[in-house]
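Heads up: the structure comes next, in C-alpha cells.
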Amino acid sequence: MLMTLPMYDYPETAEATEAWAAAIARYAGLELDLSRPDDYVGAWSRADLVFSQACGYPFTHSFRNRLTLVGTPHYAAPGCDGFHYSSTVFARENREPDGYRGMVAAVNTPDSMSGMLALKSFFVDRAQDGHFFGSVISSGGHVRSLEALQRRTADVCVVDAVCVAHVRRYRPELLDGLHELGKTISVPGLPYVTRDVNVDRWQEAVTAAMNASDLADVRAALMIGGLTLTRPSDYDVILELEAQIEAKGGLRLLE
C-alpha cells in the first residue's frame with residue numbers, strides 16, 4: 001500500500017507531514033510509512049495508492065475519474081477561505097501588469113492550477129493572439145519559481161497561498177524585494193484522494209485526525225484548519241475557468 005503527501009512536503013515540515021500521514025493511516029486501521037517517490041505524479045496512477053494529495057488541475061484533467069476524492073483540507077493561511085484558496089502574483093519589479101509584456105514567466109509545472117492556470121487567468125486579458133510573455137520557464141516547484149525571480153532568470157510567477165504562508169514562515173528571504181501584482185481567482189484547494197474502493201474509511205480517518213487534540217501541534221505546523229467532504233463537481237470551476245480563458249483567446253505558456 002502506498003501513501004504520499006507530496007504537495008506541501010517541505011524540509012521544514014517533514015516531521016509534521018510524517019506525523020500527519022501516520023495518524024491518518026492509524027485512524028484508517030493501517031500502519032503505513034509515508035512514501036516520497038521522486039515521481040509523485042506517477043504514484044497517483046498506482047493501483048495500491050491508498051491516500052495522497054493532488055493538485056486540482058491534474059485531478060480535473062489527466063486523473064479525472066481515476067482518483068477518488070476523499071475531501072479537501074482547509075488551511076489557516078491568508079488567501080484561504082474554507083476549502084478554497086487563491087494565489088499571489090509575484091514580480092521582480094514594481095510595474096503595472098502590462099509592463100510584464102515580453103518578459104519571462106516562471107511556471108512551477110505545466111499542469112499546475114495555481115502556477116499555470118492562475119497565471120493565465122491573471123494575464124489573459126492582456127494577451128494578443130495568445131501571446132504575452134517573451135518566454136516561459138518550467139521551474140519544477142513554487143519555491144523554485146521564487147528562486148528564479150531572485151536569481152533574475154525570471155520576472156514573474158504565481159504562487160499559491162499555502163506555499164506563500166510557508167515561505168513567509170520558513171524562507172522569508174525568497175520574498176525580499178519582490179512585488180505583489182495582485183491575487184488570482186479563488187478555487188477549491190488541493191484535494192485528498194485515494195484509489196481505494198473504501199473511500200469512507202479515509203474520510204472517517206481524516207475527520208478523526210482533524211478532531212484529535214493530540215494532533216493540534218501537527219495541524220498547526222502544517223497550517224491545516226479543517227476539512228470539507230467535497231464533491232468532484234466542486235472542482236468543475238477549474239474547467240470553467242479554463243474554458244473562459246480559451247474563450248478570450250487563450251495564453252500560450254509552455255508548448
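Each chain of the C-alpha cells is named A, B, ... in the order shown, its residues numbered from 1; ligands are numbered from 1 in display order.
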
Contacts of Gln53 (chain A) at 7 Å or less, counting only C-alpha atoms, minus same-chain residues fewer than 3 places along, as a PyMOL selection string? chain A and resi 5-7+190-193

Would you save the residues of that selection, restricted to C-alpha atoms, as a compact mmCIF listing (two decimals), in the first residue's frame?
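Final file, again_21.txt:
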```txt
# COMPACT_ATOMS: atom_id res chain seq x y z
CA LEU A 5 1.57 13.68 0.68
CA PRO A 6 3.73 15.47 -1.89
CA MET A 7 2.14 18.86 -2.30
CA LEU A 190 -5.64 20.66 -3.20
CA PRO A 191 -7.79 17.56 -2.60
CA TYR A 192 -7.04 14.46 -0.60
CA VAL A 193 -7.50 11.49 -2.92
```

DSSP says strand (DSSP E) for which residues of region 13-85 of chain A? Put them as a ChimeraX atom specification? /A:49-53,68-75,80-81,84-85

If you run DSSP on this backbone, which residues of region 11-89 of chain A come out as alpha helix (DSSP H), and could you give them as a PyMOL selection string? chain A and resi 14-27+40-43+56-60

Mind dumping a table of every region 59-142 of chain A residue within 10 Å of region 210-219 of chain A, with the nearest atom pair and its distance in Å to one decimal, using only C-alpha atoms, sorted by chain and rising number, as JSON lines?
```
{"residue": "A:Pro73", "atom": "CA", "partner": "A:Met210", "partner_atom": "CA", "distance": 9.3}
{"residue": "A:Tyr75", "atom": "CA", "partner": "A:Arg219", "partner_atom": "CA", "distance": 9.3}
{"residue": "A:Ala76", "atom": "CA", "partner": "A:Arg219", "partner_atom": "CA", "distance": 9.6}
```

Which polymer residues have any atom within 12 Å of an atom of region 168-181 of chain A, counting only C-alpha atoms, with same-chain residues fewer than 2 positions away left out, as a CSV table (one decimal) with N, CA and C atoms, in the first residue's frame?
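Below is the file that was written, out-v1.csv:
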```csv
chain,number,residue,atom,x,y,z
A,10,TYR,N,7.6,20.2,2.7
A,10,TYR,CA,8.9,20.9,2.7
A,10,TYR,C,9.8,20.3,3.8
A,11,PRO,N,11.1,20.5,3.6
A,11,PRO,CA,12.0,20.0,4.7
A,11,PRO,C,11.7,20.5,6.1
A,12,GLU,N,11.2,21.8,6.1
A,12,GLU,CA,10.9,22.3,7.5
A,12,GLU,C,9.7,21.7,8.1
A,13,THR,N,8.8,21.1,7.3
A,13,THR,CA,7.6,20.5,7.8
A,13,THR,C,7.6,19.0,7.6
A,77,ALA,N,-4.3,30.1,6.4
A,77,ALA,CA,-3.3,31.0,5.7
A,77,ALA,C,-4.0,32.1,5.0
A,78,PRO,N,-3.4,33.3,5.0
A,78,PRO,CA,-4.0,34.4,4.2
A,78,PRO,C,-4.2,34.0,2.8
A,87,SER,N,-4.1,32.6,-5.1
A,87,SER,CA,-2.7,32.6,-5.3
A,87,SER,C,-2.2,34.1,-5.4
A,88,THR,N,-0.9,34.3,-5.3
A,88,THR,CA,-0.4,35.7,-5.4
A,88,THR,C,0.5,35.7,-6.6
A,89,VAL,N,0.4,36.8,-7.4
A,89,VAL,CA,1.3,37.1,-8.5
A,89,VAL,C,2.5,37.9,-8.0
A,90,PHE,N,3.7,37.3,-8.1
A,90,PHE,CA,4.9,38.0,-7.6
A,90,PHE,C,5.7,38.4,-8.9
A,91,ALA,N,6.4,39.6,-8.7
A,91,ALA,CA,7.2,40.1,-9.8
A,91,ALA,C,8.5,40.7,-9.2
A,92,ARG,N,9.5,40.8,-10.0
A,92,ARG,CA,10.8,41.3,-9.6
A,92,ARG,C,10.7,42.9,-9.5
A,93,GLU,N,10.0,43.5,-10.4
A,93,GLU,CA,10.0,44.9,-10.4
A,93,GLU,C,8.6,45.5,-10.2
A,94,ASN,N,8.5,46.7,-9.7
A,94,ASN,CA,7.2,47.3,-9.4
A,94,ASN,C,6.6,48.0,-10.6
A,95,ARG,N,6.0,47.2,-11.5
A,95,ARG,CA,5.4,47.7,-12.7
A,95,ARG,C,3.9,47.3,-12.7
A,96,GLU,N,3.2,48.0,-13.5
A,96,GLU,CA,1.8,47.6,-13.7
A,96,GLU,C,1.8,46.2,-14.5
A,97,PRO,N,0.8,45.4,-14.4
A,97,PRO,CA,0.8,44.1,-15.1
A,97,PRO,C,1.2,44.2,-16.6
A,98,ASP,N,0.7,45.2,-17.3
A,98,ASP,CA,1.0,45.4,-18.7
A,98,ASP,C,2.5,45.5,-18.9
A,99,GLY,N,3.2,46.0,-17.9
A,99,GLY,CA,4.6,46.2,-18.0
A,99,GLY,C,5.5,44.9,-18.1
A,100,TYR,N,4.8,43.8,-17.9
A,100,TYR,CA,5.5,42.5,-18.0
A,100,TYR,C,5.3,41.8,-19.3
A,119,LEU,N,-1.9,31.8,-13.5
A,119,LEU,CA,-1.1,32.8,-14.2
A,119,LEU,C,-1.8,33.2,-15.5
A,122,PHE,N,-4.8,35.5,-14.9
A,122,PHE,CA,-4.4,36.9,-14.5
A,122,PHE,C,-4.0,37.8,-15.7
A,123,PHE,N,-3.3,37.1,-16.7
A,123,PHE,CA,-2.8,37.9,-17.8
A,123,PHE,C,-3.5,37.8,-19.1
A,142,HIS,N,7.0,25.7,-6.8
A,142,HIS,CA,6.7,27.1,-6.4
A,142,HIS,C,7.9,27.8,-5.8
A,143,VAL,N,8.6,27.1,-4.9
A,143,VAL,CA,9.7,27.7,-4.2
A,143,VAL,C,10.8,28.0,-5.3
A,144,ARG,N,11.0,27.1,-6.2
A,144,ARG,CA,12.0,27.3,-7.3
A,144,ARG,C,11.6,28.4,-8.2
A,145,SER,N,10.3,28.7,-8.4
A,145,SER,CA,9.9,29.8,-9.1
A,145,SER,C,10.3,31.1,-8.5
A,146,LEU,N,10.1,31.2,-7.1
A,146,LEU,CA,10.6,32.3,-6.4
A,146,LEU,C,12.1,32.5,-6.4
A,147,GLU,N,12.8,31.4,-6.4
A,147,GLU,CA,14.2,31.4,-6.5
A,147,GLU,C,14.7,31.9,-7.9
A,148,ALA,N,13.9,31.6,-8.9
A,148,ALA,CA,14.2,32.1,-10.3
A,148,ALA,C,14.1,33.6,-10.3
A,149,LEU,N,13.1,34.1,-9.6
A,149,LEU,CA,12.9,35.6,-9.6
A,149,LEU,C,14.1,36.2,-8.8
A,150,GLN,N,14.5,35.6,-7.8
A,150,GLN,CA,15.6,36.1,-7.0
A,150,GLN,C,16.9,36.1,-7.8
A,151,ARG,N,17.1,35.0,-8.6
A,151,ARG,CA,18.3,34.9,-9.5
A,151,ARG,C,18.2,35.7,-10.7
A,152,ARG,N,17.0,36.3,-11.0
A,152,ARG,CA,16.8,37.2,-12.2
A,152,ARG,C,16.8,36.3,-13.4
A,154,ALA,N,13.9,34.8,-14.1
A,154,ALA,CA,12.5,35.0,-14.5
A,154,ALA,C,12.1,36.3,-13.8
A,155,ASP,N,11.0,36.8,-14.4
A,155,ASP,CA,10.5,38.1,-13.9
A,155,ASP,C,9.2,38.1,-13.2
A,156,VAL,N,8.4,37.0,-13.4
A,156,VAL,CA,7.0,37.0,-12.7
A,156,VAL,C,6.7,35.5,-12.5
A,157,CYS,N,5.9,35.2,-11.5
A,157,CYS,CA,5.4,33.9,-11.2
A,157,CYS,C,4.2,34.0,-10.3
A,158,VAL,N,3.4,32.9,-10.2
A,158,VAL,CA,2.3,32.9,-9.4
A,158,VAL,C,2.4,31.7,-8.4
A,159,VAL,N,2.2,32.0,-7.1
A,159,VAL,CA,2.4,31.0,-6.0
A,159,VAL,C,1.2,30.9,-5.2
A,161,ALA,N,-1.5,30.3,-2.0
A,161,ALA,CA,-1.5,30.9,-0.7
A,161,ALA,C,-0.8,30.1,0.4
A,162,VAL,N,-1.0,28.8,0.3
A,162,VAL,CA,-0.4,28.0,1.4
A,162,VAL,C,1.1,28.0,1.3
A,163,CYS,N,1.6,27.8,0.0
A,163,CYS,CA,3.1,27.9,-0.2
A,163,CYS,C,3.6,29.2,0.3
A,164,VAL,N,2.9,30.3,-0.1
A,164,VAL,CA,3.4,31.6,0.3
A,164,VAL,C,3.5,31.7,1.9
A,165,ALA,N,2.5,31.2,2.6
A,165,ALA,CA,2.5,31.2,4.0
A,165,ALA,C,3.7,30.5,4.6
A,166,HIS,N,4.0,29.3,4.0
A,166,HIS,CA,5.2,28.5,4.5
A,166,HIS,C,6.5,29.3,4.2
A,183,LYS,N,-3.9,39.3,-6.6
A,183,LYS,CA,-4.3,38.0,-6.3
A,183,LYS,C,-5.1,37.4,-7.4
A,184,THR,N,-5.1,36.1,-7.5
A,184,THR,CA,-5.9,35.4,-8.5
A,184,THR,C,-7.2,34.9,-8.0
A,221,ALA,N,1.5,23.2,12.5
A,221,ALA,CA,2.8,23.2,11.8
A,221,ALA,C,2.5,23.1,10.3
A,222,LEU,N,1.4,22.4,9.9
A,222,LEU,CA,1.0,22.3,8.5
A,222,LEU,C,0.0,23.3,8.1
A,223,MET,N,-0.4,24.1,9.0
A,223,MET,CA,-1.4,25.2,8.8
A,223,MET,C,-2.8,24.6,8.4
```

Listing only residues of region 102-122 of chain A within 12 Å of region 246-252 of chain A, what is the closest atom pair and its distance in Å (to one decimal) for each, using only C-alpha atoms, sorted by chain and residue number ascending, as JSON lines?
```
{"residue": "A:Ala105", "atom": "CA", "partner": "A:Arg252", "partner_atom": "CA", "distance": 11.4}
{"residue": "A:Val107", "atom": "CA", "partner": "A:Arg252", "partner_atom": "CA", "distance": 12.0}
{"residue": "A:Pro110", "atom": "CA", "partner": "A:Arg252", "partner_atom": "CA", "distance": 11.1}
{"residue": "A:Met116", "atom": "CA", "partner": "A:Leu251", "partner_atom": "CA", "distance": 10.3}
{"residue": "A:Leu117", "atom": "CA", "partner": "A:Leu251", "partner_atom": "CA", "distance": 9.5}
{"residue": "A:Ala118", "atom": "CA", "partner": "A:Leu251", "partner_atom": "CA", "distance": 11.2}
{"residue": "A:Leu119", "atom": "CA", "partner": "A:Leu251", "partner_atom": "CA", "distance": 9.3}
{"residue": "A:Lys120", "atom": "CA", "partner": "A:Leu251", "partner_atom": "CA", "distance": 6.0}
{"residue": "A:Ser121", "atom": "CA", "partner": "A:Leu251", "partner_atom": "CA", "distance": 8.6}
{"residue": "A:Phe122", "atom": "CA", "partner": "A:Leu251", "partner_atom": "CA", "distance": 10.2}
```
